[in-house]
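Engineer: One structure is given below, represented as structure tokens, and several questions about it will come after.
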Amino acid sequence: MMRMKKMKQWTDDEKKQLKIFLVVNFGMTIIMGFLMGFSSRKGNDVTIFASAQMMYPAAAVILARMLTAGKDKKMPKKFFVTYLITAGLALLLTIGSVFFSSEMCFWAENYVLMLGSILAWIMLLWEKKEVRDDFGLRFGGHNVKQSFLMMLLFLVLYILRLVLASIPDGLGELKAVFIAPETWITVVVLVINFYLSFIAFFGEEYGWRFFLQPMLQSRFGLKGGVILLGVIWGLWHLPLNVFFYSPDTWIYSILLHQITCISFSVFFGYAYGKTGNLWVPIVIHYINNNMAVVLTQSADLGNQVYRWQDILMALVINGIVFMPFLFTKVYKGDKA
């Protein structure tokens with residue numbers, strides 16, 4: 001007779017932190033989702049909502065840690081406060097975009113994120129090494145070669161996914177993009193730009209990978225936890241699906257994000273588990289979001305139109321490219 005694995009119970013502090021994380025992260029997403037819908041109906045560009053939403057997960061983790069920490073608990077307060085101020089300003093500008101010039105607020109938010117990223121780097125370097133280590137923020141102590149190879153592996157897989165998706169229509173257009181000089185100029189610019197915009201990508205990965213992934217894996221197993229994380233991560237995009245990414249085909253957009261987030265959750269979790277370096281999924285997330293800029297020479301990701309064929313293709317291609325990592329050693333055993 002088979003024995004059921006006993007699920008680990010969360011501690012009281014973990015339960016409190018999880019509640020705060022879910023209330024803040026999803027509460028802000030829902031509230032701002034209504035504002036996004038209102039702004040969209042006014043005819044405003046709602047791109048600013050997407051970049052602000054990336055800040056919510058880490059802000060929720062930071063608040064959860066601060067509200068449940070004892071008086072003597074050391075934490076990277078300088079970095080955390082810098083992050084919360086940056087997120088707060090981005091939030092205020094996003095709200096302002098509903099009633100004032102959305103374009104002006106969008107550019108103002110870009111400068112806020114740039115300044116916030118620069119200050120965040122300074123504050124991170126200012127924090128004590130052991131404090132950075134305790135909160136998943138350490139720079140050193142990792143296998144640098146392995147971390148770099150993980151980033152390179154994702155880039156190769158991303159290109160493979162593009163090739164597979166382009167086969168039905170021929171590879172001529174994709175080849176033209178890769179031999180164009182402006183493509184590689186954009187790549188160089190994006191490498192530099194990472195240091196000026198990392199704070200938004202840190203925002204998602206500190207929430208999803210650093211905080212929620214180990215919480216779910218400790219309770220639902222390594223594989224079950226990372227898949228559940230992908231489902232939650234996908235649902236978190238719902239307001240963006242409806243009002244930004246694809247207002248005309250939002251149901252398809254929701255399904256597409258479920259497929260993408262589950263498969264990415266598997267690979268991002270693999271890269272994080274393999275290296276123990278949170279900066280790897282942060283950089284990978286940055287690569288993924290900005291490769292569209294490289295390939296299209298445009299940062300506009302809104303108003304896409306999807307078909308059921310796109311959902312089927314995404315299911316097959318992501319299944320081939322990313323899901324096999326679910327069966328690697330990283331996802332074997334019981335402990336995250």
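Residues are referred to by chain and number: the chain letter is A, B, ... according to the order shown in the structure tokens, the number counts from 1 in that chain, and ligands are numbered separately from 1 in the order shown.
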Excluding stretch 125-135 of chain A and residues on its chain fewer than 6 positions from it, collect all residues at most 10 Å away from it, counting only C-alpha atoms, and give them as a ChimeraX atom specification.
Structural biologist: /A:65,74-79,119,141,206,210-211
Engineer: Hey, can you check how far atom CA of A:Ala108 sits from atom CA of A:Gly96?
Structural biologist: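 It comes out at 10.7 Å.
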Engineer: Please report as JSON lines every residue of stretch 147-223 of chain A lying within 9 Å of stretch 80-87 of chain A, along with the nearest atom pair and their distance in Å (one decimal), using only C-alpha atoms.
Structural biologist:
{"residue": "A:Ile199", "atom": "CA", "partner": "A:Tyr83", "partner_atom": "CA", "distance": 7.7}
{"residue": "A:Ala200", "atom": "CA", "partner": "A:Ala87", "partner_atom": "CA", "distance": 8.8}
{"residue": "A:Gly203", "atom": "CA", "partner": "A:Tyr83", "partner_atom": "CA", "distance": 8.8}
Engineer: Please produce a file of those selected residues containing C-alpha atoms, as a PDB file, in the first residue's frame.
Structural biologist:
ATOM      1  CA  ILE A 199      14.630  47.154 -10.283  1.00  0.00           C
ATOM      2  CA  ALA A 200      11.434  46.209 -12.156  1.00  0.00           C
ATOM      3  CA  GLY A 203      10.425  43.195  -8.468  1.00  0.00           C
TER       4      GLY A 203
END
Engineer: List the neighbours of A:Trp236 out to 12 Å using only C-alpha atoms; skip same-chain residues closer than 2 positions along the sequence, and give me the result as an NGL selection string.
Structural biologist: :A and (22 or 25-30 or 32-33 or 50 or 53-54 or 56-57 or 204 or 207-208 or 229-234 or 238-242 or 254 or 257-258 or 261)
Engineer: Report as a tab-separated table the residues of stretch 30-77 of chain A within 9 Å of stretch 97-105 of chain A, each with its shortest atom pair and distance in Å (one decimal), using only C-alpha atoms, ordered by chain and increasing residue number.
Structural biologist:
residue	atom	partner	partner_atom	distance
A:Leu35	CA	A:Val98	CA	7.3
A:Met36	CA	A:Val98	CA	7.7
A:Phe38	CA	A:Val98	CA	7.7
A:Ser39	CA	A:Val98	CA	5.1
A:Ser40	CA	A:Val98	CA	8.6
A:Lys42	CA	A:Val98	CA	8.3
A:Asn44	CA	A:Ser102	CA	6.3
A:Asp45	CA	A:Ser102	CA	6.3
A:Val46	CA	A:Ser102	CA	7.4
A:Thr47	CA	A:Ser102	CA	8.8
A:Ile48	CA	A:Cys105	CA	7.8
Engineer: Output N, CA and C atoms for every residue in that selection, as a PDB file, in the first residue's frame.
Structural biologist:
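Wrote it out as part_27.pdb, contents follow:
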ATOM      1  N   LEU A  35      -8.526  50.519 -12.422  1.00  0.00           N
ATOM      2  CA  LEU A  35      -8.084  51.815 -12.929  1.00  0.00           C
ATOM      3  C   LEU A  35      -7.561  51.699 -14.364  1.00  0.00           C
ATOM      4  N   MET A  36      -6.881  50.587 -14.643  1.00  0.00           N
ATOM      5  CA  MET A  36      -6.373  50.357 -15.996  1.00  0.00           C
ATOM      6  C   MET A  36      -7.527  50.255 -16.992  1.00  0.00           C
ATOM      7  N   PHE A  38     -10.506  51.566 -16.658  1.00  0.00           N
ATOM      8  CA  PHE A  38     -11.087  52.906 -16.789  1.00  0.00           C
ATOM      9  C   PHE A  38     -10.236  53.779 -17.707  1.00  0.00           C
ATOM     10  N   SER A  39      -8.910  53.726 -17.509  1.00  0.00           N
ATOM     11  CA  SER A  39      -7.998  54.525 -18.336  1.00  0.00           C
ATOM     12  C   SER A  39      -8.023  54.067 -19.787  1.00  0.00           C
ATOM     13  N   SER A  40      -8.100  52.746 -19.984  1.00  0.00           N
ATOM     14  CA  SER A  40      -8.153  52.208 -21.344  1.00  0.00           C
ATOM     15  C   SER A  40      -9.408  52.675 -22.078  1.00  0.00           C
ATOM     16  N   LYS A  42     -10.909  55.387 -21.621  1.00  0.00           N
ATOM     17  CA  LYS A  42     -10.746  56.807 -21.944  1.00  0.00           C
ATOM     18  C   LYS A  42      -9.868  57.010 -23.178  1.00  0.00           C
ATOM     19  N   ASN A  44      -6.576  56.111 -23.196  1.00  0.00           N
ATOM     20  CA  ASN A  44      -5.189  56.337 -22.779  1.00  0.00           C
ATOM     21  C   ASN A  44      -4.298  55.151 -23.104  1.00  0.00           C
ATOM     22  N   ASP A  45      -3.024  55.409 -23.276  1.00  0.00           N
ATOM     23  CA  ASP A  45      -2.023  54.353 -23.388  1.00  0.00           C
ATOM     24  C   ASP A  45      -1.771  53.826 -21.975  1.00  0.00           C
ATOM     25  N   VAL A  46      -1.972  52.534 -21.748  1.00  0.00           N
ATOM     26  CA  VAL A  46      -1.864  51.974 -20.390  1.00  0.00           C
ATOM     27  C   VAL A  46      -0.572  51.182 -20.186  1.00  0.00           C
ATOM     28  N   THR A  47       0.435  51.438 -21.023  1.00  0.00           N
ATOM     29  CA  THR A  47       1.721  50.744 -20.890  1.00  0.00           C
ATOM     30  C   THR A  47       2.310  50.932 -19.503  1.00  0.00           C
ATOM     31  N   ILE A  48       2.118  52.113 -18.924  1.00  0.00           N
ATOM     32  CA  ILE A  48       2.694  52.432 -17.621  1.00  0.00           C
ATOM     33  C   ILE A  48       2.230  51.454 -16.540  1.00  0.00           C
TER      34      ILE A  48
END
Engineer: Any chance you could tabulate, as CSV, the residues of stretch 178-250 of chain A at most 10 Å from stretch 312-329 of chain A with each one's nearest atom pair and distance in Å to one decimal, using only C-alpha atoms, in chain and rising number order?
Structural biologist:
residue,atom,partner,partner_atom,distance
A:Leu222,CA,A:Leu326,CA,9.1
A:Lys223,CA,A:Leu326,CA,6.7
A:Gly224,CA,A:Leu326,CA,10.0
A:Val226,CA,A:Leu326,CA,9.0
A:Ile227,CA,A:Leu326,CA,9.2
Engineer: Limited to N, CA and C atoms, could you put the picked residues into a file as an mmCIF file, in the first residue's frame?
Structural biologist:
data_model
loop_
_atom_site.group_PDB
_atom_site.id
_atom_site.type_symbol
_atom_site.label_atom_id
_atom_site.label_comp_id
_atom_site.auth_asym_id
_atom_site.auth_seq_id
_atom_site.Cartn_x
_atom_site.Cartn_y
_atom_site.Cartn_z
ATOM 1 N N LEU A 222 8.490 19.688 -5.137
ATOM 2 C CA LEU A 222 9.300 20.500 -6.051
ATOM 3 C C LEU A 222 8.598 20.729 -7.385
ATOM 4 N N LYS A 223 8.026 19.667 -7.947
ATOM 5 C CA LYS A 223 7.342 19.798 -9.235
ATOM 6 C C LYS A 223 5.984 20.467 -9.086
ATOM 7 N N GLY A 224 5.191 19.989 -8.139
ATOM 8 C CA GLY A 224 3.858 20.553 -7.936
ATOM 9 C C GLY A 224 3.916 22.024 -7.560
ATOM 10 N N VAL A 226 6.283 24.282 -8.299
ATOM 11 C CA VAL A 226 6.702 25.178 -9.382
ATOM 12 C C VAL A 226 5.605 25.310 -10.441
ATOM 13 N N ILE A 227 4.832 24.265 -10.662
ATOM 14 C CA ILE A 227 3.707 24.348 -11.610
ATOM 15 C C ILE A 227 2.601 25.235 -11.044
#
Engineer: Would you return as JSON, numbers by chain the members of stretch 34-220 of chain A that DSSP assigns to helix (DSSP H, G or I) on this structure's backbone?
Structural biologist: {"A": [34, 35, 36, 37, 38, 39, 40, 41, 47, 48, 49, 50, 51, 52, 53, 56, 57, 58, 59, 60, 61, 62, 63, 64, 65, 66, 67, 68, 77, 78, 79, 80, 81, 82, 83, 84, 85, 86, 87, 88, 89, 90, 91, 92, 93, 94, 95, 96, 97, 98, 99, 102, 103, 104, 105, 106, 107, 108, 109, 110, 111, 112, 113, 114, 115, 116, 117, 118, 119, 120, 121, 122, 123, 124, 125, 126, 129, 130, 131, 132, 133, 134, 144, 145, 146, 147, 148, 149, 150, 151, 152, 153, 154, 155, 156, 157, 158, 159, 160, 161, 162, 163, 164, 165, 166, 167, 168, 169, 172, 173, 174, 175, 176, 177, 178, 179, 181, 182, 183, 184, 185, 186, 187, 188, 189, 190, 191, 192, 193, 194, 195, 196, 197, 198, 199, 200, 201, 202, 203, 204, 205, 206, 207, 208, 209, 210, 211, 212, 213, 214, 215, 216, 217, 218, 219, 220]}
Engineer: Atom CA of A:Leu190 and atom CA of A:Lys175, how far apart in Å?
Structural biologist: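 Atom CA of A:Lys175 sits 20.4 Å away from atom CA of A:Leu190.
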Engineer: Pick the closest to A:Thr186 from A:Ala271, A:Arg307, A:Met291, A:Gly70: which is it, counting only C-alpha atoms?
Structural biologist: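 Looking only at the distances to A:Thr186, the closest residue turns out to be A:Met291.
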